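Novice: Input file: work26.cif. Contents: mmCIF, C-alpha atoms.
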data_data
#
loop_
_atom_site.label_atom_id
_atom_site.label_comp_id
_atom_site.auth_asym_id
_atom_site.auth_seq_id
_atom_site.Cartn_x
_atom_site.Cartn_y
_atom_site.Cartn_z
CA MET A 1 44.10 152.63 78.53
CA SER A 2 42.25 149.46 77.60
CA ALA A 3 41.33 146.78 80.09
CA TYR A 4 44.21 144.36 80.60
CA THR A 5 41.87 141.45 79.93
CA THR A 6 41.34 142.63 76.34
CA MET A 7 45.00 143.34 75.50
CA THR A 8 47.05 141.29 73.08
CA ARG A 9 50.20 139.57 74.27
CA GLU A 10 52.33 142.24 72.62
CA GLU A 11 50.39 145.01 74.37
CA LEU A 12 50.71 143.27 77.73
CA LEU A 13 54.46 142.81 77.27
CA ALA A 14 54.89 146.48 76.39
CA GLU A 15 52.86 147.52 79.44
CA LYS A 16 54.89 145.18 81.64
CA THR A 17 58.16 146.70 80.42
CA ALA A 18 56.99 150.22 81.28
CA LEU A 19 55.71 149.11 84.70
CA GLN A 20 58.92 147.26 85.46
CA GLU A 21 60.89 150.45 84.91
CA ARG A 22 58.69 152.29 87.40
CA TYR A 23 58.88 149.42 89.87
CA ASP A 24 62.68 149.19 89.66
CA ALA A 25 62.95 152.93 90.30
CA TYR A 26 60.82 152.62 93.46
CA LYS A 27 62.80 149.58 94.57
CA ALA A 28 66.08 151.48 94.18
CA MET A 29 64.84 154.09 96.69
CA GLY A 30 65.34 151.65 99.60
CA LEU A 31 61.99 152.52 101.18
CA LYS A 32 60.52 151.17 104.42
CA LEU A 33 56.81 152.02 104.36
CA ASP A 34 54.22 150.38 106.63
CA MET A 35 50.56 149.88 105.71
CA SER A 36 50.25 146.61 107.63
CA ARG A 37 47.97 147.48 110.54
CA GLY A 38 45.44 150.14 111.44
CA LYS A 39 47.66 152.09 113.78
CA PRO A 40 46.89 155.77 114.34
CA GLY A 41 49.62 158.07 113.09
CA LYS A 42 51.69 160.25 115.42
CA ASP A 43 49.58 163.32 114.61
CA GLN A 44 46.50 161.42 115.77
CA LEU A 45 48.17 160.28 118.98
CA ASP A 46 49.24 163.87 119.67
CA LEU A 47 45.56 164.89 119.78
CA SER A 48 45.16 163.20 123.18
CA MET A 49 48.26 164.31 125.06
CA ALA A 50 46.20 166.61 127.30
CA LEU A 51 44.60 163.48 128.72
CA LEU A 52 47.78 162.94 130.73
CA ASP A 53 47.52 166.28 132.54
CA ASP A 54 45.05 164.99 135.14
CA THR A 55 46.42 164.71 138.69
CA ASP A 56 43.23 164.55 140.79
CA TYR A 57 42.15 160.93 141.18
CA VAL A 58 39.28 161.20 143.65
CA GLU A 59 35.69 160.62 142.55
CA ASP A 60 32.70 160.67 144.91
CA GLY A 61 35.12 160.55 147.82
CA ILE A 62 36.82 157.40 146.55
CA ASP A 63 40.56 157.33 145.92
CA LEU A 64 40.80 155.80 142.45
CA ARG A 65 44.45 154.91 142.96
CA ASN A 66 43.41 152.09 145.29
CA TYR A 67 41.76 148.67 144.89
CA GLY A 68 38.09 148.20 144.17
CA ILE A 69 35.18 149.01 141.82
CA LEU A 70 35.40 145.84 139.74
CA ASP A 71 33.21 146.87 136.82
CA GLY A 72 34.50 150.44 136.41
CA ILE A 73 33.92 153.86 137.92
CA PRO A 74 30.35 155.20 137.53
CA SER A 75 31.27 158.30 135.52
CA CYS A 76 33.14 156.26 132.90
CA LYS A 77 30.42 153.60 132.77
CA LYS A 78 27.95 156.37 132.04
CA LEU A 79 30.19 157.77 129.30
CA PHE A 80 30.27 154.42 127.49
CA ALA A 81 26.59 153.77 128.20
CA ASP A 82 25.71 157.06 126.50
CA LEU A 83 28.03 156.23 123.60
CA LEU A 84 26.50 152.78 123.04
CA GLU A 85 22.99 153.88 124.03
CA VAL A 86 22.49 151.36 126.83
CA GLU A 87 22.06 151.69 130.58
CA PRO A 88 25.15 151.97 132.83
CA GLU A 89 24.22 148.69 134.57
CA ASN A 90 24.69 146.98 131.20
CA ILE A 91 28.31 148.17 130.94
CA LEU A 92 31.55 146.61 132.16
CA LEU A 93 34.81 148.49 131.74
CA GLY A 94 37.92 146.54 130.85
CA PRO A 95 41.63 146.90 130.08
CA ASN A 96 43.14 148.96 127.28
CA ALA A 97 41.91 146.78 124.38
CA SER A 98 38.57 145.21 123.50
CA LEU A 99 40.56 142.29 122.09
CA SER A 100 41.22 141.23 125.69
CA LEU A 101 37.51 141.35 126.48
CA MET A 102 36.71 139.16 123.47
CA PHE A 103 39.46 136.65 124.25
CA ASP A 104 38.45 136.44 127.90
CA TYR A 105 34.79 135.95 127.04
CA ILE A 106 35.51 133.12 124.59
CA ALA A 107 37.83 131.60 127.21
CA GLN A 108 35.02 131.79 129.76
CA CYS A 109 32.59 130.07 127.39
CA TYR A 110 35.21 127.43 126.66
CA SER A 111 36.05 126.65 130.26
CA HIS A 112 32.78 127.31 132.11
CA GLY A 113 30.04 127.58 129.52
CA VAL A 114 27.49 130.32 128.94
CA CYS A 115 25.25 131.20 131.87
CA GLY A 116 25.34 127.64 133.19
CA SER A 117 25.51 125.74 129.89
CA THR A 118 27.94 122.89 129.18
CA PRO A 119 31.48 124.28 128.80
CA TRP A 120 32.42 124.36 125.12
CA SER A 121 35.61 122.44 125.92
CA LYS A 122 33.48 119.42 126.87
CA LEU A 123 31.56 119.36 123.58
CA PRO A 124 32.65 117.19 120.65
CA LYS A 125 32.57 120.11 118.22
CA VAL A 126 32.23 123.90 118.49
CA LYS A 127 31.83 126.10 115.41
CA PHE A 128 31.73 129.86 114.87
CA ILE A 129 30.44 131.86 111.92
CA CYS A 130 32.97 134.30 110.47
CA PRO A 131 31.91 136.89 107.86
CA VAL A 132 34.66 137.22 105.26
CA PRO A 133 36.76 139.08 104.50
CA GLY A 134 37.07 139.80 108.19
CA TYR A 135 39.28 140.71 111.13
CA ASP A 136 42.29 138.44 111.57
CA ARG A 137 42.37 138.86 115.36
CA HIS A 138 38.91 137.27 115.61
CA PHE A 139 40.18 134.28 113.67
CA THR A 140 43.28 134.03 115.85
CA ILE A 141 41.16 133.81 119.02
CA LEU A 142 39.00 131.03 117.59
CA GLU A 143 41.97 129.12 116.24
CA TYR A 144 43.65 129.30 119.67
CA PHE A 145 40.68 127.49 121.22
CA ASN A 146 40.41 125.05 118.31
CA ILE A 147 36.95 126.37 117.44
CA GLU A 148 36.06 125.55 113.85
CA MET A 149 35.52 128.65 111.70
CA ILE A 150 32.83 128.70 109.01
CA SER A 151 33.20 131.46 106.45
CA VAL A 152 30.15 133.38 105.30
CA PRO A 153 30.55 135.97 102.53
CA MET A 154 29.92 139.64 103.17
CA THR A 155 27.50 141.53 100.97
CA MET A 156 27.22 145.31 100.69
CA GLU A 157 24.58 145.13 103.48
CA GLY A 158 26.44 142.81 105.83
CA PRO A 159 26.82 139.03 106.17
CA ASP A 160 24.91 136.77 103.78
CA MET A 161 21.99 136.17 106.12
CA ASP A 162 20.53 133.27 104.14
CA ALA A 163 23.80 131.42 104.76
CA VAL A 164 23.89 132.48 108.43
CA GLU A 165 20.30 131.41 109.08
CA ALA A 166 20.99 128.01 107.52
CA LEU A 167 24.12 127.46 109.61
CA ILE A 168 22.53 128.27 112.98
CA GLN A 169 20.23 125.27 112.64
CA ASP A 170 23.29 123.23 113.66
CA GLU A 171 23.51 123.10 117.47
CA SER A 172 27.31 122.92 117.32
CA VAL A 173 27.36 126.45 115.85
CA LYS A 174 27.83 128.50 119.01
CA GLY A 175 28.32 132.03 117.77
CA MET A 176 29.36 134.63 115.25
CA PHE A 177 31.86 137.47 115.16
CA CYS A 178 30.64 140.75 113.66
CA VAL A 179 32.13 144.18 113.01
CA PRO A 180 28.78 145.84 112.29
CA LYS A 181 29.88 149.39 111.53
CA TYR A 182 32.65 150.10 109.01
CA SER A 183 33.56 146.40 108.90
CA ASN A 184 37.19 145.37 108.95
CA PRO A 185 38.43 145.46 106.19
CA GLN A 186 35.63 146.48 103.79
CA GLY A 187 34.16 149.44 105.65
CA ILE A 188 30.60 148.14 105.23
CA THR A 189 27.90 149.12 107.75
CA TYR A 190 25.20 146.51 108.30
CA SER A 191 21.83 147.57 106.93
CA ASP A 192 18.74 147.83 109.14
CA ALA A 193 17.38 144.70 107.46
CA VAL A 194 20.52 142.69 108.28
CA VAL A 195 20.66 143.91 111.90
CA THR A 196 16.98 143.04 112.28
CA ARG A 197 17.52 139.54 110.87
CA ILE A 198 20.51 139.02 113.17
CA GLY A 199 18.57 140.20 116.22
CA SER A 200 15.61 137.95 115.41
CA MET A 201 17.56 134.73 114.79
CA LYS A 202 16.56 131.53 116.56
CA PRO A 203 19.72 129.42 116.77
CA ALA A 204 19.50 125.76 117.67
CA ALA A 205 22.19 126.33 120.32
CA LYS A 206 20.73 127.96 123.42
CA ASP A 207 24.23 129.19 124.31
CA PHE A 208 24.72 130.93 120.95
CA ARG A 209 26.50 134.27 121.35
CA ILE A 210 27.26 137.03 118.87
CA ILE A 211 30.41 139.05 119.55
CA TRP A 212 29.32 142.49 118.30
CA ASP A 213 32.73 144.11 117.86
CA ASN A 214 31.65 147.71 117.44
CA ALA A 215 35.25 148.94 117.18
CA TYR A 216 34.42 151.80 114.79
CA CYS A 217 31.13 152.93 116.33
CA ILE A 218 32.10 156.61 116.12
CA HIS A 219 35.00 156.53 113.66
CA GLU A 220 33.59 158.57 110.80
CA ILE A 221 35.77 159.95 108.01
CA TYR A 222 33.07 162.27 106.69
CA ASP A 223 30.52 164.41 108.54
CA GLU A 224 27.73 162.34 107.03
CA GLY A 225 28.75 158.96 108.40
CA ASP A 226 26.81 155.71 108.32
CA ARG A 227 24.04 154.97 110.81
CA LEU A 228 23.87 151.57 112.48
CA LEU A 229 20.60 150.24 113.86
CA ASP A 230 20.99 149.49 117.60
CA ILE A 231 21.02 145.71 118.00
CA PHE A 232 19.85 146.06 121.61
CA ASP A 233 16.62 147.64 120.36
CA VAL A 234 15.95 144.57 118.22
CA LEU A 235 16.88 141.74 120.60
CA PRO A 236 14.06 142.16 123.18
CA LEU A 237 11.43 142.11 120.45
CA HIS A 238 12.36 138.50 119.74
CA GLY A 239 13.23 137.23 123.21
CA ASN A 240 16.95 137.38 122.41
CA ASP A 241 18.10 139.75 125.17
CA ASP A 242 21.11 137.56 126.02
CA MET A 243 22.35 136.76 122.50
CA VAL A 244 24.78 139.68 121.95
CA ILE A 245 28.00 140.69 123.68
CA GLU A 246 29.03 144.13 122.39
CA VAL A 247 32.55 145.51 122.79
CA CYS A 248 34.29 148.75 121.91
CA SER A 249 37.26 150.77 123.13
CA THR A 250 39.04 154.11 123.00
CA SER A 251 42.02 152.46 121.27
CA LYS A 252 41.68 154.59 118.15
CA MET A 253 40.24 157.58 120.01
CA THR A 254 43.11 158.26 122.42
CA PHE A 255 46.05 155.87 122.91
CA PRO A 256 45.86 152.30 121.55
CA GLY A 257 48.33 151.07 124.17
CA ALA A 258 46.69 152.94 127.04
CA GLY A 259 42.98 153.23 126.35
CA ILE A 260 39.84 151.78 127.90
CA SER A 261 37.66 148.95 126.63
CA ALA A 262 33.99 148.43 127.40
CA LEU A 263 31.55 145.57 127.16
CA ALA A 264 27.78 145.96 126.85
CA ALA A 265 25.41 143.07 127.46
CA SER A 266 22.22 141.97 129.18
CA GLU A 267 22.07 141.91 132.97
CA ARG A 268 22.22 138.10 132.88
CA ASN A 269 25.38 138.11 130.78
CA ILE A 270 26.93 140.84 132.93
CA ALA A 271 26.31 138.80 136.08
CA ASP A 272 27.85 135.72 134.44
CA ILE A 273 30.97 137.66 133.40
CA LYS A 274 31.32 139.24 136.86
CA LYS A 275 31.66 135.76 138.38
CA ARG A 276 34.85 135.33 136.37
CA LEU A 277 36.08 138.89 136.96
CA ASN A 278 35.82 138.39 140.72
CA CYS A 279 38.48 135.70 140.31
CA GLN A 280 40.46 137.39 137.55
CA THR A 281 41.07 140.92 138.84
CA ILE A 282 40.40 143.39 141.63
CA SER A 283 39.76 146.16 139.14
CA TYR A 284 41.06 147.55 135.89
CA ASP A 285 42.82 150.92 135.64
CA LYS A 286 40.42 153.35 137.34
CA MET A 287 42.90 156.21 137.07
CA ASN A 288 42.83 155.86 133.32
CA GLN A 289 39.03 155.68 133.32
CA HIS A 290 38.96 158.92 135.30
CA ARG A 291 41.44 160.60 132.93
CA HIS A 292 39.27 159.72 129.95
CA VAL A 293 36.13 161.11 131.56
CA ARG A 294 37.92 164.36 132.43
CA PHE A 295 39.30 164.55 128.88
CA PHE A 296 36.09 163.81 126.94
CA LYS A 297 33.53 165.05 129.51
CA ASP A 298 30.63 163.52 127.56
CA VAL A 299 29.64 161.93 124.25
CA GLU A 300 29.61 165.31 122.54
CA GLY A 301 33.22 165.68 123.60
CA ILE A 302 34.03 162.32 122.03
CA LYS A 303 32.34 163.37 118.79
CA ALA A 304 34.27 166.64 118.68
CA HIS A 305 37.51 164.77 119.30
CA MET A 306 36.76 162.24 116.55
CA LYS A 307 36.23 165.05 114.06
CA LYS A 308 39.88 165.97 114.61
CA HIS A 309 40.84 162.39 113.79
CA ALA A 310 38.67 162.51 110.67
CA ALA A 311 40.41 165.66 109.48
CA ILE A 312 43.73 163.79 109.60
CA LEU A 313 42.48 160.51 108.14
CA ARG A 314 40.25 161.81 105.33
CA PRO A 315 43.08 163.09 103.08
CA LYS A 316 44.94 159.81 103.53
CA PHE A 317 41.96 157.69 102.52
CA GLU A 318 41.18 159.97 99.60
CA MET A 319 44.77 159.84 98.40
CA VAL A 320 44.82 156.04 98.33
CA LEU A 321 41.41 155.88 96.65
CA GLU A 322 42.52 158.41 94.04
CA HIS A 323 45.57 156.30 93.20
CA LEU A 324 43.42 153.19 92.92
CA GLU A 325 41.03 154.94 90.57
CA ASN A 326 43.71 156.57 88.44
CA GLU A 327 45.96 153.51 88.19
CA LEU A 328 43.57 150.55 88.36
CA GLY A 329 40.23 151.97 87.23
CA GLY A 330 38.96 150.46 83.99
CA LYS A 331 41.69 147.78 83.88
CA GLU A 332 39.29 144.99 84.95
CA ILE A 333 41.88 143.65 87.37
CA ALA A 334 40.75 145.14 90.69
CA SER A 335 37.78 146.44 92.66
CA TRP A 336 37.44 148.25 95.97
CA ILE A 337 34.93 149.88 98.30
CA LYS A 338 35.00 153.54 99.28
CA PRO A 339 34.37 153.54 103.06
CA ARG A 340 32.86 156.46 104.94
CA GLY A 341 34.57 155.51 108.18
CA GLY A 342 36.70 152.95 109.93
CA TYR A 343 40.37 152.29 109.34
CA PHE A 344 40.77 150.23 106.19
CA ILE A 345 40.28 149.98 102.45
CA SER A 346 39.58 146.52 101.07
CA LEU A 347 41.12 145.86 97.66
CA ASP A 348 40.17 142.80 95.62
CA VAL A 349 42.57 142.02 92.80
CA MET A 350 42.34 139.44 90.04
CA ASN A 351 42.03 135.93 91.47
CA GLY A 352 45.40 134.39 92.15
CA CYS A 353 47.26 137.71 92.30
CA ALA A 354 47.07 138.96 95.90
CA LYS A 355 50.05 137.03 97.27
CA ARG A 356 52.19 138.00 94.30
CA THR A 357 51.18 141.63 94.82
CA GLY A 358 52.23 141.36 98.47
CA GLU A 359 55.60 139.91 97.46
CA LEU A 360 56.25 142.71 94.98
CA CYS A 361 55.29 145.35 97.54
CA LYS A 362 57.59 143.82 100.14
CA GLU A 363 60.52 143.72 97.72
CA ALA A 364 59.96 147.42 97.01
CA GLY A 365 59.83 148.32 100.71
CA VAL A 366 56.06 148.44 101.38
CA THR A 367 54.67 146.25 104.18
CA LEU A 368 51.03 145.23 103.82
CA THR A 369 48.79 143.19 106.10
CA THR A 370 49.77 139.57 105.49
CA VAL A 371 47.88 138.49 102.38
CA GLY A 372 45.23 135.95 103.34
CA ALA A 373 44.88 137.28 106.90
CA THR A 374 41.35 138.51 106.22
CA TYR A 375 40.19 134.86 105.98
CA PRO A 376 40.13 132.08 108.61
CA TYR A 377 43.37 130.14 108.90
CA GLY A 378 45.01 132.75 106.64
CA LEU A 379 43.58 131.02 103.56
CA ASP A 380 41.93 133.31 101.04
CA PRO A 381 40.32 130.79 98.64
CA ASN A 382 40.60 133.21 95.71
CA ASP A 383 43.95 134.74 96.67
CA SER A 384 42.42 138.12 95.87
CA ASN A 385 41.89 140.25 99.00
CA ILE A 386 44.35 142.88 100.25
CA ARG A 387 43.70 145.00 103.34
CA ILE A 388 45.07 148.53 103.06
CA ALA A 389 45.70 150.50 106.26
CA PRO A 390 46.30 154.18 105.35
CA SER A 391 46.43 155.65 108.86
CA LEU A 392 50.03 155.25 110.05
CA PRO A 393 52.29 156.63 107.26
CA PRO A 394 52.73 160.38 106.87
CA VAL A 395 51.03 161.70 103.73
CA ALA A 396 54.23 161.83 101.64
CA GLU A 397 55.12 158.24 102.50
CA LEU A 398 51.55 157.08 101.94
CA ASP A 399 51.61 158.67 98.48
CA LEU A 400 54.64 156.58 97.55
CA ALA A 401 53.25 153.42 99.16
CA ALA A 402 49.98 153.71 97.22
CA GLN A 403 51.84 154.15 93.94
CA ILE A 404 53.99 151.10 94.64
CA LEU A 405 50.91 149.09 95.56
CA CYS A 406 49.18 149.98 92.30
CA VAL A 407 52.24 149.17 90.18
CA SER A 408 52.62 145.87 92.03
CA VAL A 409 48.97 144.97 91.41
CA LYS A 410 49.35 145.67 87.70
CA LEU A 411 52.57 143.68 87.40
CA ALA A 412 51.09 140.70 89.26
CA CYS A 413 47.98 140.68 87.09
CA ILE A 414 49.94 141.04 83.84
CA GLU A 415 52.15 138.12 84.88
CA LYS A 416 49.04 136.01 85.42
CA LEU A 417 47.45 137.04 82.13
CA LEU A 418 50.65 136.33 80.21
CA GLY A 419 50.91 132.95 81.89
CA GLU A 420 47.34 132.10 80.91
CA GLN A 421 48.00 133.09 77.30
CA THR A 422 51.07 130.83 77.23
CA ALA A 423 49.11 127.96 78.73
#
What's the structure tokens form of this structure?
Specialist:
Amino acid sequence: MSAYTTMTREELLAEKTALQERYDAYKAMGLKLDMSRGKPGKDQLDLSMALLDDTDYVEDGIDLRNYGILDGIPSCKKLFADLLEVEPENILLGPNASLSLMFDYIAQCYSHGVCGSTPWSKLPKVKFICPVPGYDRHFTILEYFNIEMISVPMTMEGPDMDAVEALIQDESVKGMFCVPKYSNPQGITYSDAVVTRIGSMKPAAKDFRIIWDNAYCIHEIYDEGDRLLDIFDVLPLHGNDDMVIEVCSTSKMTFPGAGISALAASERNIADIKKRLNCQTISYDKMNQHRHVRFFKDVEGIKAHMKKHAAILRPKFEMVLEHLENELGGKEIASWIKPRGGYFISLDVMNGCAKRTGELCKEAGVTLTTVGATYPYGLDPNDSNIRIAPSLPPVAELDLAAQILCVSVKLACIEKLLGEQTA
């Protein structure tokens, strides 16, 4: 079929009538389908049930059921150190979600500063760079602390580094959030050139920190996944050892509500964070750390486990992408990226049509991530980006949800085009 942008009014009206019939039929089914967040499906969660079989909680003669070992048990620190390719002394283990580590670190910077610097709360203005579209939870943290967010567009290689390098000349710019591998929501992995430019930056603010949210460090969908240059190999070459705080977790490896998070940073940053942890907690869940080590054994065990996840996720991603291509391809009303890992598909529809698409989906029983959430303050300037999360619904439900999404996109765009013709 022709591109919608080249159709006559009569052709658009005829197409709308046919789409409306399909849409009404879906709506009459009374569906409740959820593609709102990147939750693992039940079949993925079932992969890790053996983790709960462990009953021996002694390691190196220490009873892990008791208090102590603030930064995590050695065996689990080594597991994450091997995964992130750093030394165990550069690892801190945290609670079940890396989101808590990120929130707590920003809170620490806000209340007590960075390694002795002026607390951010005492400064007249604090700004953070946010690549967009991006992860709504990052934006929520910054908004909570009244930190001004500055949007920088993503390219196919990562953040627009010309824009980033210009912004960091302002001393009030104190940091940047990054999802460097399989970015949320686009699934872009930062190129070597971008990682190198990030690692070599010279910000005006001496307390500038990058939150390197490596949530999808090992979350491949295909055997030939993307490779991410190790930022910690770049930083020392430019005297920037302290500039990056990396986080990750097992949230989408085992159980999101009962996983382990980890933070990797320089020895100076680790020491600074430990000062807070000594006041905040006695230790995190060492029994859970031990269970995860017994379950995975080593990094090769993690990789083997993640292949099982990929086998479940790959058909879901491919199904959604096939619907997008078959229904929206060639219409000149939408574009998308085919990720090789991560948890999301980023769909960009015709400007001014994303919110209307979300409304149509909701009326037909499909819940999407709140439209606009991939931008700071929930304000997508083009009203175009939609984050698709294919992981939770069973395949049959996902099939229906993807069809409804595509029909909704087409209806929203036709409505806009007809309105423009009338105007």
Novice: Under the PyMOL selection byres ((chain A and resi 171-184) around 8), which residues of this model are included? Write them out as a count of residues only.
Specialist: 44
Novice: Do a neighbour search on segment 86-100 of chain A at 7 Å with all atoms listed in the file, toss out local chain neighbours closer than 5 positions, and write the hits as a ChimeraX atom specification.
Specialist: /A:71-72,77-78,81,247-249,251,257-267,270,284-285
Novice: Name the residues that the PyMOL selection byres ((chain A and resi 327) around 10) picks from the file above, as a PyMOL selection string, using the file's chain letters and numbers.
Specialist: chain A and resi 1+321-326+328-331+402-403+405-407+409-410
Novice: Any chance you could export the current selection's C-alpha atoms as an mmCIF file, in the coordinates of the input?
Specialist:
data_model
loop_
_atom_site.group_PDB
_atom_site.id
_atom_site.type_symbol
_atom_site.label_atom_id
_atom_site.label_comp_id
_atom_site.auth_asym_id
_atom_site.auth_seq_id
_atom_site.Cartn_x
_atom_site.Cartn_y
_atom_site.Cartn_z
ATOM 1 C CA MET A 1 44.100 152.630 78.530
ATOM 2 C CA LEU A 321 41.410 155.880 96.650
ATOM 3 C CA GLU A 322 42.520 158.410 94.040
ATOM 4 C CA HIS A 323 45.570 156.300 93.200
ATOM 5 C CA LEU A 324 43.420 153.190 92.920
ATOM 6 C CA GLU A 325 41.030 154.940 90.570
ATOM 7 C CA ASN A 326 43.710 156.570 88.440
ATOM 8 C CA LEU A 328 43.570 150.550 88.360
ATOM 9 C CA GLY A 329 40.230 151.970 87.230
ATOM 10 C CA GLY A 330 38.960 150.460 83.990
ATOM 11 C CA LYS A 331 41.690 147.780 83.880
ATOM 12 C CA ALA A 402 49.980 153.710 97.220
ATOM 13 C CA GLN A 403 51.840 154.150 93.940
ATOM 14 C CA LEU A 405 50.910 149.090 95.560
ATOM 15 C CA CYS A 406 49.180 149.980 92.300
ATOM 16 C CA VAL A 407 52.240 149.170 90.180
ATOM 17 C CA VAL A 409 48.970 144.970 91.410
ATOM 18 C CA LYS A 410 49.350 145.670 87.700
#
Novice: Give me, please, the distance in Å between atom CA of Leu313 of chain A and atom CA of Pro390 of chain A, quoted to one decimal.
Specialist: 7.9 Å
Novice: Of the residues A:Pro256, A:Gly41, A:Gly30, A:Pro74, which is the one nearest to Leu398 of chain A, using only C-alpha atoms?
Specialist: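 Closest candidate: A:Gly41.
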Novice: Just want the 6 Å neighbourhood of segment 353-370 of chain A, counted on all atoms listed in the file, with same-chain residues fewer than 3 positions away dropped. Output as a short mmCIF file (atom, residue, chain, number, x, y, z; two decimals) with C-alpha atoms, keeping the file's coordinate frame.
Specialist:
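Output (out_13.cif):
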data_model
loop_
_atom_site.label_atom_id
_atom_site.label_comp_id
_atom_site.auth_asym_id
_atom_site.auth_seq_id
_atom_site.Cartn_x
_atom_site.Cartn_y
_atom_site.Cartn_z
CA LYS A 27 62.80 149.58 94.57
CA LEU A 31 61.99 152.52 101.18
CA LYS A 32 60.52 151.17 104.42
CA LEU A 33 56.81 152.02 104.36
CA ASP A 34 54.22 150.38 106.63
CA MET A 35 50.56 149.88 105.71
CA SER A 36 50.25 146.61 107.63
CA MET A 350 42.34 139.44 90.04
CA ALA A 373 44.88 137.28 106.90
CA ASP A 383 43.95 134.74 96.67
CA SER A 384 42.42 138.12 95.87
CA SER A 408 52.62 145.87 92.03
CA VAL A 409 48.97 144.97 91.41
CA ALA A 412 51.09 140.70 89.26
#
Novice: On this structure, which residues satisfy the PyMOL selection byres ((chain A and resi 290) around 12), written as a ChimeraX atom specification?
Specialist: /A:51-60,62-65,72-79,93,259-260,284-289,291-297
Novice: Atom CA of Gln20 of chain A to atom CA of Ala401 of chain A: how many Å, to one decimal?
Specialist: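 Between atom CA of Gln20 of chain A and atom CA of Ala401 of chain A the gap is 16.1 Å.
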Novice: Extract, using all atoms listed in the file, all DNA, RNA and protein residues at most 8 Å from Gly372 of chain A, discarding same-chain residues fewer than 2 positions from it, and format them as a list in words.
Specialist: Lys355, Thr370, Thr374, Tyr375, Gly378, Leu379, Asp380, Asp383, Asn385 and Ile386 of chain A
Novice: Write the selection just made, keeping C-alpha atoms, as a JSON list (two decimals), keeping the file's coordinate frame?
Specialist:
[["chain", "number", "residue", "atom", "x", "y", "z"],
["A", 355, "LYS", "CA", 50.05, 137.03, 97.27],
["A", 370, "THR", "CA", 49.77, 139.57, 105.49],
["A", 374, "THR", "CA", 41.35, 138.51, 106.22],
["A", 375, "TYR", "CA", 40.19, 134.86, 105.98],
["A", 378, "GLY", "CA", 45.01, 132.75, 106.64],
["A", 379, "LEU", "CA", 43.58, 131.02, 103.56],
["A", 380, "ASP", "CA", 41.93, 133.31, 101.04],
["A", 383, "ASP", "CA", 43.95, 134.74, 96.67],
["A", 385, "ASN", "CA", 41.89, 140.25, 99.00],
["A", 386, "ILE", "CA", 44.35, 142.88, 100.25]]
Novice: What is the atom CA of Val234 of chain A-atom CA of Asn269 of chain A distance in Å, reported with one decimal?
Specialist: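 Distance reported for this atom pair: 17.0 Å.
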Novice: Determine the nearest neighbour of Gln108 of chain A from the options A:Phe80, A:Phe139, A:Trp336, A:Phe145, counting all atoms listed in the file.
Specialist: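 Smallest separation from Gln108 of chain A among the options: A:Phe145.
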Novice: Nearest residue to Ala271 of chain A out of A:Leu83, A:Cys115, A:Ala50, A:Leu417, using all atoms listed in the file?
Specialist: A:Cys115
Novice: Compare A:Tyr110, A:Tyr105, A:Tyr26, A:Phe255 by their minimum atom-to-atom distance to Lys275 of chain A, counting only C-alpha atoms, and give me the closest one.
Specialist: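 Between A:Tyr110, A:Tyr105, A:Tyr26, A:Phe255, the residue approaching Lys275 of chain A most closely is A:Tyr105.
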Novice: Considering only C-alpha atoms, return as a list in words whatever protein or nucleic-acid residues lie within 12 Å of Leu13 of chain A, sequence-local ones (same chain, fewer than 3 positions apart) excluded.
Specialist: Tyr4, Met7, Thr8, Arg9, Glu10, Lys16, Thr17, Ala18, Leu19, Gln20, Lys410, Leu411, Cys413, Ile414, Glu415, Lys416, Leu417, Leu418, Gly419 and Gln421 of chain A
